[in-house]
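Next comes protein_3.csv, with CSV, C-alpha atoms and all ligand atoms.
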chain,number,residue,atom,x,y,z
A,1,MET,CA,0.0,0.0,0.0
A,2,SER,CA,1.3,3.5,-0.8
A,3,GLN,CA,0.4,6.9,0.5
A,4,ILE,CA,-1.0,8.0,-2.8
A,5,ASP,CA,-4.6,9.1,-2.8
A,6,LEU,CA,-7.0,11.0,-5.0
A,7,PHE,CA,-5.4,14.4,-4.1
A,8,THR,CA,-1.7,13.5,-4.7
A,9,PRO,CA,-0.6,15.5,-7.7
A,10,VAL,CA,0.4,13.5,-10.7
A,11,ARG,CA,2.1,14.1,-14.0
A,12,VAL,CA,0.1,13.0,-17.1
A,13,GLY,CA,2.0,13.4,-20.4
A,14,ALA,CA,2.8,17.0,-20.8
A,15,PHE,CA,0.8,18.1,-17.7
A,16,GLU,CA,1.0,18.4,-13.9
A,17,LEU,CA,-2.4,17.7,-12.5
A,18,PRO,CA,-3.4,18.8,-9.0
A,19,ASN,CA,-5.5,15.7,-8.3
A,20,ARG,CA,-6.0,12.2,-9.8
A,21,ILE,CA,-9.6,12.6,-10.7
A,22,ALA,CA,-10.3,12.6,-14.4
A,23,MET,CA,-13.8,13.5,-15.6
A,24,ALA,CA,-14.8,10.6,-17.8
A,25,PRO,CA,-16.0,11.4,-21.3
A,26,MET,CA,-19.8,11.8,-21.5
A,27,THR,CA,-22.0,12.4,-24.5
A,28,ARG,CA,-24.6,15.0,-23.7
A,29,SER,CA,-26.0,15.7,-27.2
A,30,ARG,CA,-26.1,19.4,-26.9
A,31,ALA,CA,-24.0,20.6,-29.9
A,32,GLY,CA,-25.5,23.3,-32.0
A,33,GLU,CA,-25.7,24.1,-35.8
A,34,GLY,CA,-23.3,22.0,-37.8
A,35,ASN,CA,-22.5,19.9,-34.7
A,36,ALA,CA,-20.4,22.8,-33.3
A,37,PRO,CA,-20.0,23.3,-29.6
A,38,THR,CA,-22.1,26.1,-28.1
A,39,PRO,CA,-21.4,28.7,-25.4
A,40,LEU,CA,-23.6,26.5,-23.0
A,41,MET,CA,-21.1,23.7,-23.5
A,42,ALA,CA,-18.3,26.1,-22.6
A,43,GLU,CA,-20.1,26.9,-19.4
A,44,TYR,CA,-20.7,23.2,-18.6
A,45,TYR,CA,-17.0,22.2,-19.0
A,46,ALA,CA,-15.7,25.3,-17.2
A,47,GLN,CA,-17.9,24.5,-14.2
A,48,ARG,CA,-16.1,21.1,-14.0
A,49,ALA,CA,-12.5,22.5,-14.4
A,50,SER,CA,-11.4,21.4,-10.9
A,51,ALA,CA,-11.1,17.8,-12.3
A,52,GLY,CA,-7.4,17.0,-12.7
A,53,LEU,CA,-8.2,16.3,-16.3
A,54,ILE,CA,-11.4,16.7,-18.2
A,55,ILE,CA,-12.0,14.2,-21.1
A,56,SER,CA,-14.6,15.7,-23.4
A,57,GLU,CA,-17.7,13.9,-24.8
A,58,ALA,CA,-17.0,11.7,-27.8
A,59,THR,CA,-16.4,14.0,-30.8
A,60,GLN,CA,-16.6,13.1,-34.5
A,61,VAL,CA,-13.4,13.0,-36.6
A,62,ASN,CA,-15.2,13.2,-40.0
A,63,ASP,CA,-18.6,13.4,-41.6
A,64,THR,CA,-19.3,9.6,-41.4
A,65,ALA,CA,-18.4,9.3,-37.7
A,66,GLN,CA,-21.7,10.3,-36.2
A,67,GLY,CA,-24.3,8.0,-34.7
A,68,TYR,CA,-26.5,10.1,-32.3
A,69,PRO,CA,-28.2,13.5,-32.6
A,70,SER,CA,-26.3,16.7,-31.7
A,71,THR,CA,-23.0,15.2,-30.9
A,72,PRO,CA,-20.1,17.5,-31.7
A,73,GLY,CA,-17.4,17.2,-34.3
A,74,VAL,CA,-13.9,18.6,-34.6
A,75,HIS,CA,-13.5,18.3,-38.4
A,76,THR,CA,-14.7,21.7,-39.5
A,77,ASN,CA,-13.6,25.3,-38.8
A,78,THR,CA,-16.9,26.1,-37.2
A,79,GLN,CA,-16.6,23.2,-34.8
A,80,ALA,CA,-13.0,24.1,-34.0
A,81,ALA,CA,-14.1,27.7,-33.2
A,82,GLY,CA,-16.9,26.4,-30.9
A,83,TRP,CA,-14.4,24.2,-29.1
A,84,ARG,CA,-12.0,27.1,-28.7
A,85,ARG,CA,-14.5,28.8,-26.5
A,86,VAL,CA,-14.8,25.7,-24.5
A,87,THR,CA,-11.0,25.2,-24.0
A,88,GLU,CA,-10.5,28.9,-23.2
A,89,ALA,CA,-13.2,28.8,-20.6
A,90,VAL,CA,-11.7,25.6,-19.0
A,91,HIS,CA,-8.2,27.1,-19.1
A,92,ALA,CA,-9.4,30.4,-17.5
A,93,LYS,CA,-10.6,28.3,-14.5
A,94,GLY,CA,-7.2,26.6,-14.3
A,95,GLY,CA,-8.2,23.2,-15.8
A,96,ARG,CA,-7.0,20.9,-18.6
A,97,ILE,CA,-9.1,19.3,-21.3
A,98,PHE,CA,-8.5,16.5,-23.8
A,99,VAL,CA,-11.0,15.8,-26.6
A,100,GLN,CA,-12.2,12.3,-27.1
A,101,LEU,CA,-12.0,11.4,-30.8
A,102,TRP,CA,-14.5,8.9,-32.1
A,103,HIS,CA,-15.9,7.3,-35.1
A,104,VAL,CA,-19.0,5.2,-34.4
A,105,GLY,CA,-18.7,2.8,-37.2
A,106,ARG,CA,-21.8,0.6,-37.4
A,107,ILE,CA,-23.5,2.3,-34.5
A,108,SER,CA,-25.1,4.8,-36.8
A,109,HIS,CA,-27.9,5.1,-39.3
A,110,PRO,CA,-28.2,6.5,-42.9
A,111,ILE,CA,-30.0,9.5,-41.2
A,112,PHE,CA,-26.6,10.6,-39.8
A,113,GLN,CA,-24.6,9.8,-43.0
A,114,PRO,CA,-23.7,12.0,-46.0
A,115,ASN,CA,-26.2,11.2,-48.8
A,116,GLY,CA,-28.1,8.7,-46.6
A,117,ALA,CA,-25.4,6.1,-47.2
A,118,PRO,CA,-25.1,3.1,-44.9
A,119,PRO,CA,-22.6,3.5,-42.1
A,120,VAL,CA,-19.2,1.9,-42.5
A,121,ALA,CA,-17.6,-0.9,-40.3
A,122,PRO,CA,-14.9,-3.6,-40.5
A,123,SER,CA,-17.5,-6.1,-41.6
A,124,ALA,CA,-21.1,-6.1,-42.8
A,125,ILE,CA,-22.6,-7.2,-39.5
A,126,ALA,CA,-25.4,-5.2,-37.9
A,127,ALA,CA,-25.5,-4.7,-34.2
A,128,ALA,CA,-28.5,-6.2,-32.5
A,129,GLY,CA,-31.1,-3.8,-31.2
A,130,GLU,CA,-32.2,-0.3,-32.1
A,131,LEU,CA,-30.7,3.2,-32.0
A,132,TYR,CA,-32.2,6.6,-31.2
A,133,THR,CA,-32.1,8.8,-34.3
A,134,GLY,CA,-34.1,11.9,-33.5
A,135,GLU,CA,-36.9,10.4,-35.7
A,136,GLY,CA,-37.6,7.7,-33.1
A,137,MET,CA,-36.0,4.3,-32.5
A,138,LYS,CA,-34.8,2.4,-35.6
A,139,PRO,CA,-33.1,-1.0,-36.0
A,140,PHE,CA,-29.3,-0.8,-36.5
A,141,PRO,CA,-28.7,-1.1,-40.3
A,142,VAL,CA,-26.3,-3.5,-41.9
A,143,PRO,CA,-23.1,-1.5,-42.3
A,144,ARG,CA,-20.9,-1.4,-45.4
A,145,ALA,CA,-17.6,-3.2,-44.9
A,146,LEU,CA,-14.7,-0.8,-45.5
A,147,GLU,CA,-12.5,-1.5,-48.5
A,148,THR,CA,-8.8,-1.9,-47.5
A,149,ALA,CA,-7.9,1.1,-49.6
A,150,GLU,CA,-10.3,3.3,-47.5
A,151,ILE,CA,-8.5,2.6,-44.2
A,152,PRO,CA,-5.5,5.0,-44.6
A,153,GLY,CA,-8.0,7.8,-45.1
A,154,LEU,CA,-9.7,7.0,-41.8
A,155,VAL,CA,-6.4,6.9,-40.0
A,156,ARG,CA,-5.6,10.3,-41.5
A,157,ASP,CA,-8.9,11.7,-40.4
A,158,PHE,CA,-8.1,10.8,-36.7
A,159,ALA,CA,-4.6,12.5,-37.1
A,160,GLU,CA,-6.1,15.6,-38.8
A,161,ALA,CA,-8.8,15.9,-36.2
A,162,ALA,CA,-6.1,15.7,-33.5
A,163,LYS,CA,-4.2,18.5,-35.2
A,164,ARG,CA,-7.3,20.7,-35.5
A,165,ALA,CA,-8.2,19.9,-31.9
A,166,VAL,CA,-4.8,21.0,-30.5
A,167,TYR,CA,-3.7,23.7,-32.9
A,168,ASP,CA,-7.1,25.3,-33.8
A,169,ALA,CA,-9.4,24.4,-30.9
A,170,GLY,CA,-6.9,24.7,-28.1
A,171,PHE,CA,-7.3,21.3,-26.5
A,172,ASP,CA,-4.4,20.1,-24.3
A,173,GLY,CA,-4.5,16.6,-26.0
A,174,VAL,CA,-6.8,13.9,-27.4
A,175,GLU,CA,-8.1,10.6,-26.2
A,176,ILE,CA,-8.6,8.0,-29.0
A,177,HIS,CA,-11.9,6.3,-28.3
A,178,GLY,CA,-11.1,2.6,-28.7
A,179,ALA,CA,-14.0,1.5,-26.3
A,180,ASN,CA,-17.7,0.8,-26.1
A,181,GLY,CA,-18.3,-0.9,-29.4
A,182,TYR,CA,-17.5,2.0,-31.8
A,183,LEU,CA,-15.4,1.7,-34.9
A,184,ILE,CA,-11.9,1.0,-33.4
A,185,ASP,CA,-13.4,-1.5,-31.0
A,186,GLN,CA,-15.3,-3.1,-33.9
A,187,PHE,CA,-11.9,-3.7,-35.6
A,188,LEU,CA,-10.3,-5.0,-32.3
A,189,ARG,CA,-12.9,-7.7,-31.5
A,190,ASP,CA,-13.6,-10.9,-33.4
A,191,GLY,CA,-17.4,-10.7,-32.9
A,192,THR,CA,-17.5,-7.7,-35.3
A,193,ASN,CA,-14.3,-8.1,-37.4
A,194,LYS,CA,-14.4,-10.9,-40.0
A,195,ARG,CA,-12.0,-9.3,-42.4
A,196,THR,CA,-9.6,-11.4,-44.4
A,197,ASP,CA,-7.1,-8.6,-45.2
A,198,ALA,CA,-4.3,-7.2,-43.0
A,199,TYR,CA,-6.9,-5.7,-40.6
A,200,GLY,CA,-8.7,-8.9,-39.7
A,201,GLY,CA,-8.0,-12.4,-38.5
A,202,SER,CA,-5.1,-12.6,-36.0
A,203,ILE,CA,-5.0,-10.4,-32.9
A,204,GLU,CA,-2.0,-8.5,-34.5
A,205,ASN,CA,-4.1,-7.8,-37.6
A,206,ARG,CA,-7.2,-6.7,-35.6
A,207,ALA,CA,-5.1,-4.3,-33.5
A,208,ARG,CA,-3.5,-2.8,-36.6
A,209,PHE,CA,-6.2,-0.1,-37.2
A,210,LEU,CA,-5.9,1.3,-33.6
A,211,LEU,CA,-2.1,1.2,-33.7
A,212,GLU,CA,-1.9,3.0,-37.1
A,213,ILE,CA,-4.3,5.7,-35.7
A,214,VAL,CA,-2.1,6.0,-32.6
A,215,GLU,CA,1.1,6.2,-34.6
A,216,ALA,CA,-0.4,8.9,-36.9
A,217,THR,CA,-1.8,10.9,-34.1
A,218,VAL,CA,1.4,10.8,-32.1
A,219,ALA,CA,3.2,12.0,-35.2
A,220,ALA,CA,0.7,14.8,-35.5
A,221,ILE,CA,0.6,16.2,-32.0
A,222,GLY,CA,3.2,14.4,-29.8
A,223,ALA,CA,2.9,11.3,-27.6
A,224,ASP,CA,2.5,13.3,-24.4
A,225,ARG,CA,-0.8,14.6,-25.6
A,226,VAL,CA,-2.3,11.3,-26.7
A,227,GLY,CA,-4.3,8.9,-24.5
A,228,VAL,CA,-6.3,5.8,-25.5
A,229,ARG,CA,-9.5,4.4,-24.0
A,230,LEU,CA,-10.4,0.7,-24.1
A,231,SER,CA,-13.3,-1.4,-22.6
A,232,PRO,CA,-11.9,-5.0,-22.7
A,233,ASN,CA,-15.0,-6.6,-21.1
A,234,GLY,CA,-17.7,-4.3,-22.4
A,235,THR,CA,-20.7,-5.8,-24.1
A,236,PHE,CA,-22.4,-2.4,-24.8
A,237,ASN,CA,-23.3,-2.1,-28.5
A,238,ASP,CA,-23.5,-5.9,-28.9
A,239,MET,CA,-19.8,-6.5,-28.6
A,240,ARG,CA,-17.9,-9.8,-27.9
A,241,ASP,CA,-14.5,-11.3,-28.4
A,242,SER,CA,-13.4,-15.0,-28.0
A,243,ASP,CA,-10.3,-14.1,-26.0
A,244,PRO,CA,-10.3,-10.6,-24.5
A,245,VAL,CA,-7.4,-11.2,-22.2
A,246,ALA,CA,-5.0,-12.2,-25.1
A,247,LEU,CA,-6.4,-9.4,-27.4
A,248,PHE,CA,-6.2,-6.5,-24.9
A,249,THR,CA,-2.9,-7.6,-23.4
A,250,HIS,CA,-1.4,-7.5,-26.8
A,251,VAL,CA,-2.9,-4.1,-27.4
A,252,ALA,CA,-1.6,-2.8,-24.1
A,253,LYS,CA,1.9,-4.0,-24.8
A,254,ALA,CA,1.9,-2.5,-28.2
A,255,LEU,CA,0.6,0.8,-26.9
A,256,SER,CA,3.5,0.9,-24.4
A,257,THR,CA,6.0,1.5,-27.1
A,258,PHE,CA,4.5,5.0,-27.9
A,259,ASN,CA,5.2,6.6,-24.5
A,260,LEU,CA,1.6,7.9,-24.5
A,261,ALA,CA,0.0,10.3,-21.9
A,262,TYR,CA,-2.1,7.4,-20.6
A,263,LEU,CA,-4.2,4.3,-21.1
A,264,HIS,CA,-7.8,4.6,-19.9
A,265,VAL,CA,-9.6,1.3,-19.1
A,266,ILE,CA,-13.3,0.9,-18.3
A,267,GLU,CA,-13.8,-2.0,-15.9
A,268,GLY,CA,-16.5,-1.1,-13.4
A,269,ILE,CA,-18.3,-3.3,-11.0
A,270,ASP,CA,-21.2,-0.8,-10.8
A,271,GLY,CA,-22.7,1.7,-13.1
A,272,PRO,CA,-23.9,1.4,-16.7
A,273,MET,CA,-20.7,-0.4,-18.0
A,274,THR,CA,-21.1,-3.3,-15.5
A,275,LEU,CA,-18.9,-6.3,-16.0
A,276,PRO,CA,-20.9,-9.1,-17.5
A,277,ALA,CA,-21.3,-12.1,-15.2
A,278,GLY,CA,-18.4,-14.5,-15.5
A,279,ALA,CA,-16.3,-12.0,-17.6
A,280,PRO,CA,-12.6,-12.2,-16.8
A,281,ALA,CA,-11.3,-9.1,-15.0
A,282,VAL,CA,-8.7,-7.7,-17.5
A,283,ALA,CA,-7.8,-4.4,-16.1
A,284,SER,CA,-5.1,-5.7,-13.7
A,285,GLN,CA,-3.5,-7.6,-16.6
A,286,LEU,CA,-3.5,-4.5,-18.7
A,287,ARG,CA,-2.0,-2.5,-15.9
A,288,ALA,CA,0.9,-4.9,-15.8
A,289,ALA,CA,1.2,-5.0,-19.6
A,290,PHE,CA,1.1,-1.2,-20.1
A,291,LYS,CA,4.2,0.8,-19.3
A,292,GLY,CA,2.8,4.2,-18.5
A,293,THR,CA,0.1,6.2,-16.7
A,294,PHE,CA,-3.0,4.0,-16.2
A,295,ILE,CA,-6.5,5.4,-15.6
A,296,ILE,CA,-9.3,3.1,-14.3
A,297,ASN,CA,-13.0,3.8,-14.7
A,298,GLY,CA,-16.4,2.4,-13.6
A,299,GLY,CA,-18.4,2.9,-10.5
A,300,TYR,CA,-15.8,4.7,-8.4
A,301,TYR,CA,-18.4,6.9,-6.6
A,302,THR,CA,-16.8,7.2,-3.1
A,303,ARG,CA,-13.5,8.6,-2.1
A,304,ALA,CA,-12.7,5.4,-0.2
A,305,ALA,CA,-13.2,3.2,-3.3
A,306,ALA,CA,-11.1,5.6,-5.5
A,307,ASP,CA,-8.3,6.0,-2.8
A,308,ALA,CA,-8.1,2.2,-2.4
A,309,VAL,CA,-7.5,1.5,-6.1
A,310,LEU,CA,-4.8,4.1,-6.1
A,311,ALA,CA,-3.1,3.0,-2.9
A,312,LYS,CA,-3.0,-0.6,-4.2
A,313,GLY,CA,-1.2,0.6,-7.3
A,314,GLU,CA,-3.9,-0.7,-9.6
A,315,ALA,CA,-4.2,2.6,-11.3
A,316,ASP,CA,-2.6,6.1,-11.3
A,317,LEU,CA,-5.8,8.0,-11.8
A,318,VAL,CA,-9.5,7.3,-11.5
A,319,SER,CA,-12.0,8.6,-14.0
A,320,ILE,CA,-15.5,9.4,-12.8
A,321,GLY,CA,-18.5,9.9,-15.1
A,322,ILE,CA,-22.1,10.0,-13.8
A,323,PRO,CA,-21.3,11.8,-10.5
A,324,PHE,CA,-19.8,14.7,-12.5
A,325,ILE,CA,-23.2,15.4,-14.1
A,326,ALA,CA,-24.9,16.7,-11.0
A,327,ASN,CA,-21.8,17.6,-9.0
A,328,PRO,CA,-19.7,20.2,-11.0
A,329,ASP,CA,-17.4,20.5,-8.0
A,330,LEU,CA,-17.0,16.8,-7.5
A,331,PRO,CA,-13.3,16.9,-6.4
A,332,ALA,CA,-14.2,19.4,-3.6
A,333,ARG,CA,-17.1,17.2,-2.5
A,334,LEU,CA,-15.0,14.1,-2.4
A,335,LYS,CA,-12.3,15.9,-0.4
A,336,LEU,CA,-14.8,17.2,2.1
A,337,GLY,CA,-16.9,14.0,2.3
A,338,ALA,CA,-19.9,16.1,1.3
A,339,PRO,CA,-23.0,14.3,-0.1
A,340,LEU,CA,-23.3,13.9,-3.8
A,341,ALA,CA,-26.3,15.2,-5.7
A,342,GLU,CA,-28.2,12.7,-8.0
A,343,GLY,CA,-28.5,13.6,-11.7
A,344,ASP,CA,-31.8,13.6,-13.6
A,345,LYS,CA,-31.4,10.8,-16.2
A,346,ALA,CA,-34.1,12.4,-18.4
A,347,SER,CA,-31.6,15.2,-19.2
A,348,PHE,CA,-28.5,13.1,-19.7
A,349,TYR,CA,-28.8,13.3,-23.5
A,350,GLY,CA,-30.0,16.4,-25.3
A,351,GLY,CA,-32.0,19.4,-24.1
A,352,THR,CA,-31.2,22.7,-22.6
A,353,GLU,CA,-29.3,24.1,-19.6
A,354,LYS,CA,-31.8,22.1,-17.4
A,355,GLY,CA,-30.0,19.1,-16.0
A,356,TYR,CA,-26.8,20.3,-17.6
A,357,THR,CA,-25.4,23.6,-16.3
A,358,ASP,CA,-28.0,24.3,-13.5
A,359,TYR,CA,-26.5,21.9,-10.9
A,360,PRO,CA,-25.0,24.2,-8.2
A,361,ALA,CA,-21.5,23.9,-6.7
A,362,LEU,CA,-21.2,23.7,-2.9
A,363,GLU,CA,-20.6,27.4,-2.3
A,364,THR,CA,-23.9,28.1,-3.9
A,365,VAL,CA,-25.6,25.4,-1.9
A,366,ASP,CA,-24.1,26.8,1.4
A,367,ALA,CA,-25.0,30.4,0.6
A,401,LIG,C1,-24.5,10.1,-20.2
A,401,LIG,C2,-23.3,9.3,-20.5
A,401,LIG,C3,-22.6,9.5,-21.7
A,401,LIG,C4,-21.4,8.8,-21.9
A,401,LIG,N1,-20.7,9.1,-23.1
A,401,LIG,C5,-19.5,8.5,-23.3
A,401,LIG,C6,-18.7,8.9,-24.3
A,401,LIG,O1,-19.0,9.9,-25.1
A,401,LIG,N2,-17.5,8.3,-24.5
A,401,LIG,C7,-17.1,7.3,-23.7
A,401,LIG,O2,-16.0,6.7,-23.8
A,401,LIG,N3,-17.9,6.8,-22.6
A,401,LIG,C8,-19.0,7.4,-22.4
A,401,LIG,N4,-19.8,7.1,-21.3
A,401,LIG,C9,-19.3,6.1,-20.4
A,401,LIG,C10,-18.6,6.8,-19.2
A,401,LIG,O3,-17.4,7.5,-19.7
A,401,LIG,C11,-18.1,5.9,-18.1
A,401,LIG,O4,-17.3,4.9,-18.7
A,401,LIG,C12,-19.3,5.2,-17.4
A,401,LIG,O5,-20.3,6.1,-17.1
A,401,LIG,C13,-18.9,4.5,-16.2
A,401,LIG,O6,-18.2,5.4,-15.3
A,401,LIG,P1,-18.9,6.0,-14.0
A,401,LIG,O7,-19.4,4.8,-13.2
A,401,LIG,O8,-17.9,6.7,-13.3
A,401,LIG,O9,-20.1,6.8,-14.5
A,401,LIG,C14,-21.0,7.8,-21.1
A,401,LIG,C15,-21.7,7.5,-19.9
A,401,LIG,C16,-22.9,8.2,-19.6
A,401,LIG,C17,-23.6,8.0,-18.3
Write out the structure in this file as structure tokens.
Ligand SMILES: Cc1cc2nc3c(=O)[nH]c(=O)nc-3n(C[C@H](O)[C@H](O)[C@H](O)COP(=O)(O)O)c2cc1C
Amino acid sequence: MSQIDLFTPVRVGAFELPNRIAMAPMTRSRAGEGNAPTPLMAEYYAQRASAGLIISEATQVNDTAQGYPSTPGVHTNTQAAGWRRVTEAVHAKGGRIFVQLWHVGRISHPIFQPNGAPPVAPSAIAAAGELYTGEGMKPFPVPRALETAEIPGLVRDFAEAAKRAVYDAGFDGVEIHGANGYLIDQFLRDGTNKRTDAYGGSIENRARFLLEIVEATVAAIGADRVGVRLSPNGTFNDMRDSDPVALFTHVAKALSTFNLAYLHVIEGIDGPMTLPAGAPAVASQLRAAFKGTFIINGGYYTRAAADAVLAKGEADLVSIGIPFIANPDLPARLKLGAPLAEGDKASFYGGTEKGYTDYPALETVDA
């Protein structure tokens, strides 16, 4: 056991953080015209600037990357200008913010695609279930399998988005979204990747897409500004793999060679990303395989639980999602042992300032 706790400062990539609390990325579906961030989003993130690191909601890297209404992008000048207001507001409050870069792959619908085309994926396998489109619930469509020749363009889109995010929008870095059943995860796992080219089949081949994206992004903005998120046990978005321990251990080892800012792993015992019954716990093996800063996530809602995982050396930081929704000053509340407010689930996705920027910080509660 070490003396390290949530409030021990830590270096992450290029940055010194005052605490070990990362705000987990959370889609809130409140982007404006052209999927550009709004002034309301700047207020929301600035209210949460006491997190050691904010990781933004998932953000599109190109115009085929969207799968939900009103999620922001970072591939146009207007979007970058909107994000600049966000990053400036967070920096003015002394915070740091990375953007989470995503492409949803098959978790989309022609409604969100240019010219109403089918979404793209490693293989033409539809996810089971339905998605929310803004025009009601619709079954997931069968995606179009990407041609091998299209893959370098997608890799480039991630690197270009990273450049725009850092140099135009003012982000401190990027997190590559390799989790939760979106495009990169669809390449990684053999339930969704049936390709027969260099991007499918063996674990090495399935990891290639992620590793090429990481390499290109590191070349674009520097390794100390790049993190990666994985969800080795997640079943969200109809995901499965025949051997997650072997797959994700390989990925963690390969990521070690880049000297990244961090690896961020979802493996909760509580909350919406609950470990499926009987799933092997992979996080401890990834911690051992990855040489670098390790962020753990999932159901760490008390200071005691978060301090314990840090003291045992199982992670260097803890990321916390849902409690940040209704507690903008979550670090102060955890430090004081103050009670946490409960967020209204009806306003998690979409809407106005209600259930978004109207949760008070403690000072206001006390006044
Ligand atoms: C409203 C909401 C939106 C989310 N959006 C994202 C997202 O954009 N990207 C992502 O990687 N995870 C997303 N997640 C998952 C969270 O980052 C986190 O992994 C999950 O909530 C478990 O952590 P927690 O128990 O601390 O909330 C979302 C979760 C919620 C509740």
Exercise. In Å, rounded to a single decimal, give me how far CA of Met41 (chain A) is from CA of Ala92 (chain A).
Key: 14.8 Å
Exercise. Enumerate, as an MDAnalysis selection string, the protein, DNA and RNA residues whose atoms approach (-4.7, 9.8, -10.4) to within 10 Å, taking into account all atoms listed in the file and the coordinate frame of the file.
Key: chainID A and resid 4:12 17:22 52:53 293:296 306:307 309:310 315:319
Quiz prompt | Within-9 Å residues of ligand LIG 401 (chain A), basis only C-alpha atoms and all ligand atoms, as a ChimeraX atom specification | solution = /A:23-29,55-59,71,100-102,177-180,229-231,265-274,297-301,318-325,345,347-349
Residues near Arg164 (chain A), cut-off 12 Å, all atoms listed in the file, skip fewer than 3 positions along chain, as a tab-separated table (two decimals) with C-alpha atoms, in the frame of the given file:
chain	number	residue	atom	x	y	z
A	61	VAL	CA	-13.40	13.00	-36.60
A	62	ASN	CA	-15.20	13.20	-40.00
A	73	GLY	CA	-17.40	17.20	-34.30
A	74	VAL	CA	-13.90	18.60	-34.60
A	75	HIS	CA	-13.50	18.30	-38.40
A	76	THR	CA	-14.70	21.70	-39.50
A	77	ASN	CA	-13.60	25.30	-38.80
A	78	THR	CA	-16.90	26.10	-37.20
A	79	GLN	CA	-16.60	23.20	-34.80
A	80	ALA	CA	-13.00	24.10	-34.00
A	81	ALA	CA	-14.10	27.70	-33.20
A	83	TRP	CA	-14.40	24.20	-29.10
A	84	ARG	CA	-12.00	27.10	-28.70
A	99	VAL	CA	-11.00	15.80	-26.60
A	101	LEU	CA	-12.00	11.40	-30.80
A	157	ASP	CA	-8.90	11.70	-40.40
A	158	PHE	CA	-8.10	10.80	-36.70
A	159	ALA	CA	-4.60	12.50	-37.10
A	160	GLU	CA	-6.10	15.60	-38.80
A	161	ALA	CA	-8.80	15.90	-36.20
A	167	TYR	CA	-3.70	23.70	-32.90
A	168	ASP	CA	-7.10	25.30	-33.80
A	169	ALA	CA	-9.40	24.40	-30.90
A	170	GLY	CA	-6.90	24.70	-28.10
A	171	PHE	CA	-7.30	21.30	-26.50
A	172	ASP	CA	-4.40	20.10	-24.30
A	173	GLY	CA	-4.50	16.60	-26.00
A	174	VAL	CA	-6.80	13.90	-27.40
A	217	THR	CA	-1.80	10.90	-34.10
A	220	ALA	CA	0.70	14.80	-35.50
A	221	ILE	CA	0.60	16.20	-32.00
Quiz item: Counting all atoms listed in the file, which of A:Ile107, A:Val251, A:Ala127, A:Ala281 gets nearest to Tyr68 (chain A)?
Solution: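 For Tyr68 (chain A), the nearest of the candidates is A:Ile107.
Distance check against Tyr182 (chain A) using only C-alpha atoms: of A:Ile97, A:Leu286, A:Ala65, A:Ala219, the minimum falls on A:Ala65.
If you look at CA of Leu260 (chain A) and CA of Leu210 (chain A), they are 13.5 Å away from each other.
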Exercise. To one decimal in Å, tell me the separation between CA of Ala121 (chain A) and CA of Glu135 (chain A).
Key: 22.8 Å
Practice problem: Rank nothing, just name the residue among A:His264, A:Arg208, A:Arg189, A:Lys194 nearest to Met239 (chain A), using only C-alpha atoms. | Solution: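 The shortest atom-to-atom distance to Met239 (chain A) comes from A:Arg189.
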Exercise. Just the residues within 9 Å of Gly129 (chain A), please, counting only C-alpha atoms, with nothing from its chain fewer than 4 positions along; format it as a ChimeraX atom specification.
Key: /A:138-140,237-238
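Ranking A:Val245, A:Val104, A:Ala254, A:Ala216 by their shortest atom-to-atom distance to Asp185 (chain A), with all atoms listed in the file included, puts A:Val104 first.
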Quiz item: Taking only C-alpha atoms into account, which of A:Ser284, A:Thr64, A:Asn259, A:Asn327 comes nearest Pro232 (chain A)?
Solution: A:Ser284
Give one line per residue of region 286-359 of chain A that approaches region 45-50 of chain A to at most 8 Å, naming the two atoms of the closest pair and their distance in Å to one decimal, counting all atoms listed in the file; sort by chain then ascending residue number and deliver it as a Markdown table.
| residue | atom | partner | partner_atom | distance |
| --- | --- | --- | --- | --- |
| A:Phe324 | CA | A:Arg48 | CA | 7.5 |
| A:Pro328 | CA | A:Arg48 | CA | 4.8 |
| A:Asp329 | CA | A:Arg48 | CA | 6.2 |
| A:Leu330 | CA | A:Arg48 | CA | 7.8 |
| A:Pro331 | CA | A:Ser50 | CA | 6.6 |
| A:Thr357 | CA | A:Gln47 | CA | 7.8 |
Exercise. May I ask which of the residues A:Gly153, A:Pro37, A:Gly136, A:Pro360 is the closest one to Pro72 (chain A), counting all atoms listed in the file?
Key: A:Pro37
Quiz item: Within 12 Å of (-8.7, -10.4, -24.0), only C-alpha atoms: residues as number ranges by chain?
Solution: A: 188-190, 203, 207, 230-234, 240-252, 279-286
